[in-house]
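**Q** Enclosed is the structure file coords.csv (CSV, C-alpha atoms).
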```
chain,number,residue,atom,x,y,z
Q,1,MET,CA,-21.5,61.9,63.5
Q,2,ASN,CA,-19.6,65.0,62.3
Q,3,ASP,CA,-21.2,68.0,60.6
Q,4,ILE,CA,-20.3,66.8,57.1
Q,5,GLY,CA,-21.8,63.4,57.8
Q,6,LYS,CA,-25.1,64.9,59.1
Q,7,CYS,CA,-25.2,67.3,56.1
Q,8,LEU,CA,-24.8,64.5,53.6
Q,9,LEU,CA,-27.3,62.2,55.4
Q,10,GLY,CA,-30.0,64.8,55.7
Q,11,ALA,CA,-29.6,66.1,52.1
Q,12,GLY,CA,-29.4,62.5,50.8
Q,13,ILE,CA,-32.7,61.6,52.5
Q,14,TRP,CA,-34.5,64.6,51.1
Q,15,GLY,CA,-33.0,64.3,47.7
Q,16,GLY,CA,-34.0,60.6,47.5
Q,17,TYR,CA,-37.5,61.5,48.6
Q,18,LYS,CA,-37.7,64.2,45.9
Q,19,GLY,CA,-36.3,61.8,43.2
Q,20,VAL,CA,-38.9,59.1,44.0
Q,21,SER,CA,-41.7,61.8,44.0
Q,22,MET,CA,-40.6,63.0,40.5
Q,23,LEU,CA,-40.8,59.4,39.3
Q,24,GLY,CA,-44.4,59.3,40.4
Q,25,SER,CA,-45.3,62.5,38.7
Q,26,GLU,CA,-48.0,62.1,36.0
Q,27,MET,CA,-46.8,65.2,34.1
Q,28,LEU,CA,-43.2,63.9,33.8
Q,29,ALA,CA,-44.5,60.4,33.0
Q,30,GLU,CA,-46.1,61.7,29.9
Q,31,GLN,CA,-42.8,62.8,28.4
Q,32,GLN,CA,-40.4,60.3,26.7
Q,33,THR,CA,-37.4,62.5,27.3
Q,34,VAL,CA,-37.2,65.1,30.2
Q,35,ARG,CA,-35.0,68.1,29.9
Q,36,GLY,CA,-32.8,68.9,32.8
Q,37,ALA,CA,-34.3,72.4,33.2
Q,38,GLU,CA,-37.8,70.8,33.5
Q,39,LEU,CA,-36.5,68.3,36.0
Q,40,LEU,CA,-35.1,71.2,38.1
Q,41,LEU,CA,-38.4,72.9,38.2
Q,42,PHE,CA,-39.9,69.8,39.9
Q,43,THR,CA,-37.2,70.0,42.6
Q,44,ASN,CA,-38.2,73.6,43.2
Q,45,PHE,CA,-41.4,75.1,44.3
Q,46,GLY,CA,-43.9,74.8,41.5
Q,47,LEU,CA,-46.2,77.6,42.6
Q,48,GLU,CA,-49.0,79.3,40.8
Q,49,LEU,CA,-50.5,82.5,42.2
Q,50,PRO,CA,-52.7,82.9,44.2
Q,51,VAL,CA,-51.4,80.4,46.7
Q,52,GLN,CA,-54.5,78.8,48.0
Q,53,PRO,CA,-54.8,78.3,51.8
Q,54,VAL,CA,-54.9,74.5,51.4
Q,55,TYR,CA,-51.7,74.6,49.3
Q,56,LEU,CA,-49.9,76.5,52.1
Q,57,ILE,CA,-49.7,73.2,54.0
Q,58,MET,CA,-48.1,71.5,51.0
Q,59,LEU,CA,-45.7,74.4,50.6
Q,60,SER,CA,-44.8,74.2,54.3
Q,61,LEU,CA,-43.9,70.5,53.8
Q,62,GLU,CA,-41.7,71.6,50.9
Q,63,MET,CA,-39.8,73.7,53.4
Q,64,LEU,CA,-39.0,70.7,55.6
Q,65,PRO,CA,-35.5,70.2,54.2
Q,66,PHE,CA,-34.7,73.9,54.9
Q,67,PHE,CA,-36.0,73.5,58.5
Q,68,LEU,CA,-33.9,70.3,58.9
Q,69,PHE,CA,-30.7,72.2,57.9
Q,70,GLN,CA,-31.6,75.0,60.3
Q,71,MET,CA,-32.2,72.6,63.1
Q,72,LEU,CA,-28.9,70.7,62.4
Q,73,PHE,CA,-26.7,73.7,62.3
Q,74,GLY,CA,-28.7,76.3,64.1
Q,75,ILE,CA,-26.4,76.0,67.1
Q,76,ARG,CA,-23.1,75.5,65.2
Q,77,ILE,CA,-21.9,79.0,66.2
Q,78,TYR,CA,-24.0,79.3,69.3
Q,79,ARG,CA,-22.7,76.0,70.8
Q,80,HIS,CA,-19.3,77.7,71.6
Q,81,TYR,CA,-21.2,80.0,74.0
Q,82,CYS,CA,-22.7,77.0,75.8
Q,83,THR,CA,-19.8,74.7,76.4
Q,84,ALA,CA,-17.0,76.0,78.4
Q,85,SER,CA,-17.5,79.5,76.9
Q,86,VAL,CA,-15.4,81.3,79.4
Q,87,TYR,CA,-12.4,79.0,78.7
Q,88,PHE,CA,-12.9,79.1,74.9
Q,89,PHE,CA,-13.3,82.9,74.5
Q,90,SER,CA,-10.5,83.7,77.0
Q,91,ARG,CA,-8.2,82.2,74.4
Q,92,CYS,CA,-10.0,83.8,71.4
Q,93,THR,CA,-8.5,87.2,70.9
Q,94,HIS,CA,-10.0,88.0,67.5
Q,95,LYS,CA,-13.8,87.2,67.9
Q,96,VAL,CA,-14.8,88.8,64.5
Q,97,ARG,CA,-12.2,86.7,62.7
Q,98,TRP,CA,-13.4,83.6,64.5
Q,99,PHE,CA,-17.0,84.4,63.5
Q,100,VAL,CA,-16.1,84.9,59.9
Q,101,LYS,CA,-14.3,81.6,59.8
Q,102,GLU,CA,-17.3,79.9,61.4
Q,103,ALA,CA,-19.7,81.6,59.0
Q,104,ALA,CA,-17.6,80.5,56.0
Q,105,ALA,CA,-17.6,76.9,57.3
Q,106,LEU,CA,-21.4,77.1,57.6
Q,107,TYR,CA,-21.8,78.4,54.0
Q,108,VAL,CA,-19.7,75.4,52.8
Q,109,LEU,CA,-22.1,73.1,54.6
Q,110,ALA,CA,-25.0,75.0,53.0
Q,111,VAL,CA,-23.6,74.5,49.5
Q,112,LEU,CA,-22.8,70.8,50.2
Q,113,TYR,CA,-26.4,70.3,51.5
Q,114,ALA,CA,-28.0,72.0,48.5
Q,115,PHE,CA,-25.8,70.3,46.0
Q,116,THR,CA,-26.3,66.8,47.4
Q,117,MET,CA,-30.1,67.3,47.7
Q,118,LEU,CA,-30.4,68.5,44.1
Q,119,SER,CA,-28.0,65.9,42.7
Q,120,VAL,CA,-29.5,62.9,44.4
Q,121,GLY,CA,-33.0,63.8,43.3
Q,122,CYS,CA,-31.8,64.2,39.7
Q,123,LEU,CA,-29.7,61.1,39.7
Q,124,ILE,CA,-32.5,58.9,41.0
Q,125,PHE,CA,-34.9,60.2,38.3
Q,126,GLY,CA,-32.2,59.9,35.7
Q,127,GLY,CA,-31.5,56.3,36.6
Q,128,ALA,CA,-35.0,55.3,35.6
Q,129,ARG,CA,-35.8,57.8,32.8
Q,130,VAL,CA,-34.1,59.6,30.0
Q,131,VAL,CA,-32.9,63.1,31.0
Q,132,ARG,CA,-31.4,65.4,28.5
Q,133,TRP,CA,-29.1,68.1,29.9
Q,134,ASP,CA,-28.1,71.2,27.9
Q,135,ILE,CA,-26.4,74.5,28.7
Q,136,GLY,CA,-29.7,76.0,29.9
Q,137,GLY,CA,-30.3,73.1,32.3
Q,138,ALA,CA,-26.7,73.3,33.6
Q,139,VAL,CA,-27.0,77.1,34.2
Q,140,MET,CA,-30.3,76.7,35.9
Q,141,PHE,CA,-28.8,74.1,38.2
Q,142,VAL,CA,-26.1,76.6,39.2
Q,143,TYR,CA,-28.8,79.3,39.8
Q,144,GLU,CA,-30.9,77.0,42.0
Q,145,LEU,CA,-27.8,75.8,43.9
Q,146,ALA,CA,-26.9,79.5,44.6
Q,147,LEU,CA,-30.4,80.5,45.7
Q,148,VAL,CA,-30.9,77.5,47.9
Q,149,SER,CA,-27.5,77.6,49.6
Q,150,LEU,CA,-27.7,81.4,50.2
Q,151,TRP,CA,-31.1,81.0,51.8
Q,152,LEU,CA,-29.9,78.1,54.0
Q,153,PHE,CA,-26.9,80.2,55.0
Q,154,LEU,CA,-28.9,83.4,55.6
Q,155,THR,CA,-31.5,81.8,57.8
Q,156,THR,CA,-29.2,79.5,59.7
Q,157,VAL,CA,-26.7,82.2,60.6
Q,158,THR,CA,-29.8,84.2,61.8
Q,159,VAL,CA,-30.9,81.3,64.0
Q,160,ASN,CA,-27.4,81.2,65.5
Q,161,LEU,CA,-27.3,84.9,66.2
Q,162,LEU,CA,-30.8,84.9,67.8
Q,163,ALA,CA,-29.7,81.9,69.9
Q,164,ILE,CA,-26.7,83.8,71.2
Q,165,ARG,CA,-29.0,86.7,72.1
Q,166,TRP,CA,-31.7,84.6,73.6
Q,167,GLU,CA,-31.6,80.8,73.3
Q,168,SER,CA,-31.7,78.1,70.5
Q,169,GLY,CA,-35.4,77.3,70.7
Q,170,THR,CA,-36.3,81.0,70.4
Q,171,GLY,CA,-33.9,81.5,67.5
Q,172,PHE,CA,-35.2,78.6,65.5
Q,173,GLY,CA,-38.8,79.4,66.2
Q,174,ALA,CA,-38.5,83.0,65.2
Q,175,VAL,CA,-36.8,82.2,61.9
Q,176,ALA,CA,-39.3,79.3,61.1
Q,177,CYS,CA,-42.2,81.7,61.8
Q,178,MET,CA,-40.7,84.3,59.6
Q,179,GLN,CA,-40.4,81.9,56.7
Q,180,LEU,CA,-44.0,80.6,57.2
Q,181,GLY,CA,-45.2,84.2,57.4
Q,182,CYS,CA,-43.6,85.0,54.1
Q,183,ILE,CA,-45.2,82.0,52.6
Q,184,ALA,CA,-48.6,83.0,53.9
Q,185,LEU,CA,-48.2,86.5,52.5
Q,186,LEU,CA,-47.9,85.0,49.0
Q,187,ASN,CA,-51.7,84.6,49.1
Q,188,ILE,CA,-52.3,88.3,48.5
Q,189,TRP,CA,-50.7,88.2,45.0
Q,190,ASN,CA,-53.2,87.7,42.2
Q,191,THR,CA,-56.0,88.3,44.7
Q,192,ILE,CA,-55.2,91.8,46.1
Q,193,LEU,CA,-52.1,92.4,44.0
Q,194,PRO,CA,-52.7,90.7,40.6
Q,195,LEU,CA,-49.7,90.2,38.2
Q,196,GLU,CA,-51.7,89.8,35.0
Q,197,ASP,CA,-54.0,92.0,32.9
Q,198,VAL,CA,-54.0,95.0,35.3
Q,199,ALA,CA,-52.4,98.5,35.0
Q,200,ASP,CA,-50.4,98.0,38.2
Q,201,ALA,CA,-48.9,94.7,37.3
Q,202,GLU,CA,-45.4,96.1,37.3
Q,203,ARG,CA,-45.8,97.6,40.7
Q,204,ASN,CA,-47.3,94.4,42.1
Q,205,ALA,CA,-44.4,92.4,40.6
Q,206,ALA,CA,-42.0,94.8,42.4
Q,207,LEU,CA,-43.8,94.2,45.6
Q,208,LEU,CA,-43.6,90.4,45.1
Q,209,ARG,CA,-39.8,90.8,44.8
Q,210,ILE,CA,-39.8,92.3,48.3
Q,211,ASN,CA,-41.1,89.1,49.8
Q,212,PRO,CA,-37.8,87.1,50.5
Q,213,ILE,CA,-39.3,83.7,50.0
Q,214,SER,CA,-40.3,84.6,46.4
Q,215,HIS,CA,-36.6,84.6,45.4
Q,216,LEU,CA,-36.6,80.8,45.9
Q,217,VAL,CA,-39.4,80.1,43.3
Q,218,LEU,CA,-37.7,79.6,39.9
Q,219,CYS,CA,-40.8,79.6,37.7
Q,220,TRP,CA,-41.6,83.2,38.7
Q,221,HIS,CA,-38.2,84.5,37.5
Q,222,SER,CA,-37.1,85.8,34.2
Q,223,SER,CA,-33.7,85.5,32.5
Q,224,SER,CA,-31.9,87.1,29.5
Q,225,MET,CA,-30.9,83.5,28.4
Q,226,GLU,CA,-33.6,82.1,26.2
Q,227,GLY,CA,-32.5,78.6,27.0
Q,228,ILE,CA,-33.6,79.3,30.6
Q,229,ASN,CA,-36.4,81.8,30.1
Q,230,GLN,CA,-38.5,79.4,28.0
Q,231,TYR,CA,-38.9,77.2,31.1
Q,232,ILE,CA,-39.6,79.9,33.6
Q,233,ASP,CA,-41.1,83.4,33.4
Q,234,GLN,CA,-44.6,82.1,34.3
Q,235,TYR,CA,-46.1,85.6,34.5
Q,236,GLY,CA,-44.0,87.5,32.0
Q,237,ILE,CA,-42.8,89.9,34.7
Q,238,TYR,CA,-39.3,91.3,35.3
Q,239,PHE,CA,-37.8,89.1,38.0
Q,240,ASP,CA,-34.2,88.5,37.0
Q,241,LEU,CA,-32.4,85.5,38.5
Q,242,ASN,CA,-29.2,87.5,38.9
Q,243,GLU,CA,-31.1,90.0,40.9
Q,244,SER,CA,-32.3,87.3,43.3
Q,245,VAL,CA,-28.8,86.0,43.8
Q,246,ILE,CA,-27.6,89.5,44.5
Q,247,VAL,CA,-30.4,90.2,47.0
Q,248,LEU,CA,-29.8,87.0,48.9
Q,249,PHE,CA,-26.1,87.6,48.9
Q,250,LEU,CA,-26.5,91.2,50.2
Q,251,LEU,CA,-28.9,90.0,52.9
Q,252,SER,CA,-26.4,87.3,53.9
Q,253,LEU,CA,-23.6,89.9,54.0
Q,254,GLY,CA,-25.8,92.2,56.2
Q,255,VAL,CA,-26.5,89.4,58.6
Q,256,CYS,CA,-22.7,88.5,58.8
Q,257,ILE,CA,-21.8,92.2,59.5
Q,258,ALA,CA,-24.5,92.3,62.2
Q,259,GLY,CA,-23.1,89.0,63.5
Q,260,GLY,CA,-19.6,90.2,63.7
Q,261,TYR,CA,-20.7,93.3,65.7
Q,262,MET,CA,-22.8,91.1,68.0
Q,263,VAL,CA,-20.0,88.6,68.6
Q,264,LYS,CA,-17.5,91.3,69.2
Q,265,ASN,CA,-19.6,92.9,71.9
Q,266,GLN,CA,-21.3,89.7,73.4
Q,267,GLU,CA,-20.1,88.7,76.8
Q,268,VAL,CA,-19.6,85.0,77.4
Q,269,ILE,CA,-22.6,83.1,78.8
Q,270,LEU,CA,-22.0,82.3,82.4
Q,271,THR,CA,-25.1,80.2,82.8
Q,272,ASN,CA,-26.7,77.5,80.7
Q,273,ARG,CA,-29.9,79.1,79.5
Q,274,GLU,CA,-31.0,75.9,77.8
Q,275,GLU,CA,-31.2,74.1,81.1
Q,276,GLY,CA,-31.9,77.1,83.3
Q,277,ARG,CA,-28.8,77.0,85.4
```
If you convert what's in this file into structure tokens, what do you get?
**A**
Amino acid sequence: MNDIGKCLLGAGIWGGYKGVSMLGSEMLAEQQTVRGAELLLFTNFGLELPVQPVYLIMLSLEMLPFFLFQMLFGIRIYRHYCTASVYFFSRCTHKVRWFVKEAAALYVLAVLYAFTMLSVGCLIFGGARVVRWDIGGAVMFVYELALVSLWLFLTTVTVNLLAIRWESGTGFGAVACMQLGCIALLNIWNTILPLEDVADAERNAALLRINPISHLVLCWHSSSMEGINQYIDQYGIYFDLNESVIVLFLLSLGVCIAGGYMVKNQEVILTNREEGR
């Protein structure tokens, strides 16, 4: 199966699972008509702070579709260093250009994966219930698509680069641990760093924005569009959706710049580190 097939299959499975889960939601079942924006919040991380230790397990399960994409495509760039790498790179005179092309193809897969996963979930729910889409819901869909695809791209490129430097298992393990570590750190907000009814709420909110995983949680964000903000802005803090898109874009750009430098200076792998020969 080619990369597009694997991408569509993986995203379709997770989107289907999410759609069926939403049909079983008691909160959505109480509403005769569900707005598109409300539906999207159920496809996202519906987190309230503080994140209790028991809930961290559930949140980790919500990360499974992200982990699946990282496993599927965590060697997409690295694989060229494992299979006939001397022959391949002896003909590749512009390594940076090659890396940019590979990274662009990976981002297309990330967008396709995120779009399919979100769309399948919404379509399954919409086939059984009445869903009303408006401008706010459509714009929120674009925001969630941008945030999810950028995160998939950022983390998966990082897996590939770490695999080039060490090996694929180490690369995936390091990125997975980073994500789980960021999730675990969420427990300190509203316990050590409360966001409500304290003088330092603005500072604590700024610290929350430093945690990369927080940029994926729609309901913590704010927006200048009232059609979106009425569904999110859970804590009444400044956490603009545009800012999150820019932050994840800049992080992705930084990883790509580092990747271009690494690929340009990386010698071909003469031994198969995966099999120890």
**Q** Mind running segment 156-192 of chain Q against segment 94-112 of chain Q at 12 Å and telling me each contacting residue's nearest atom pair with the distance in Å (one decimal), counting only C-alpha atoms, chain and number ascending, as CSV?
**A**
```
residue,atom,partner,partner_atom,distance
Q:Thr156,CA,Q:Leu106,CA,8.4
Q:Val157,CA,Q:Ala103,CA,7.2
Q:Thr158,CA,Q:Ala103,CA,10.8
Q:Asn160,CA,Q:Ala103,CA,10.1
Q:Leu161,CA,Q:Phe99,CA,10.7
```
**Q** Between Q:Met71, Q:Met225, Q:Cys219, Q:Ile257, which residue has the minimum interatomic distance to Thr155 of chain Q, considering all atoms listed in the file?
**A**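 Closest residue, counting all atoms listed in the file: Q:Met71.
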**Q** Report, as lines of an AutoDock Vina configuration file, the axis-aligned box around all atoms of segment 182-197 of chain Q present in the file, extended by 3 Å on each side; give centre and edge lengths in Å to one decimal place.
**A**
```
center_x = -49.8
center_y = 87.2
center_z = 43.5
size_x = 18.4
size_y = 16.4
size_z = 27.2
```
**Q** So the first atom is atom CA of Gln230 of chain Q and the second is atom CA of Asn242 of chain Q; what is the distance between them in Å, to one decimal place?
**A**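 A separation of 16.5 Å between them.
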**Q** What's the separation between atom CA of Leu154 of chain Q and atom CA of Leu9 of chain Q, in Å to one decimal place?
**A**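 Between atom CA of Leu154 of chain Q and atom CA of Leu9 of chain Q the gap works out to 21.3 Å.
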**Q** If we count only C-alpha atoms, what is near Val148 of chain Q at a cut-off of 12 Å, once residues fewer than 2 positions away on the same chain are taken out, given as a ChimeraX atom specification?
**A** /Q:43-45,63,65-66,69,107,109-118,141-146,150-155,213-218,244-245,248-249
**Q** Here is a test: counting all atoms listed in the file, which residue of Q:Gly15, Q:Gly173, Q:Gly236, Q:Gly227 is nearest to Val120 of chain Q?
**A**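 Ranking Q:Gly15, Q:Gly173, Q:Gly236, Q:Gly227 by distance to Val120 of chain Q, first place goes to Q:Gly15.
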**Q** Could you pull the residues within 8 Å of His221 of chain Q, counting all atoms listed in the file, minus those fewer than 5 positions along the same chain, as an MDAnalysis selection string?
**A** chainID Q and resid 232:234 237:241
**Q** Smallest atom-to-atom distance to Gln70 of chain Q: which of Q:Phe172, Q:Glu226, Q:Leu207, Q:Cys182, using only C-alpha atoms?
**A**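 Closest residue, counting only C-alpha atoms: Q:Phe172.
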**Q** In Å, with one decimal, what is the gap from atom CA of Leu180 of chain Q to atom CA of Leu68 of chain Q?
**A** 14.5 Å
**Q** Which residue gives the smallest distance to Lys6 of chain Q among Q:Leu72, Q:Arg132, Q:Leu253, Q:Ala174, with all atoms listed in the file counted?
**A**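 Looking only at the distances to Lys6 of chain Q, the closest residue turns out to be Q:Leu72.
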**Q** From the list Q:Ala205, Q:Met1, Q:Leu8, Q:Ala138, which residue is nearest Ala37 of chain Q when using all atoms listed in the file?
**A**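 For Ala37 of chain Q, the nearest of the candidates is Q:Ala138.
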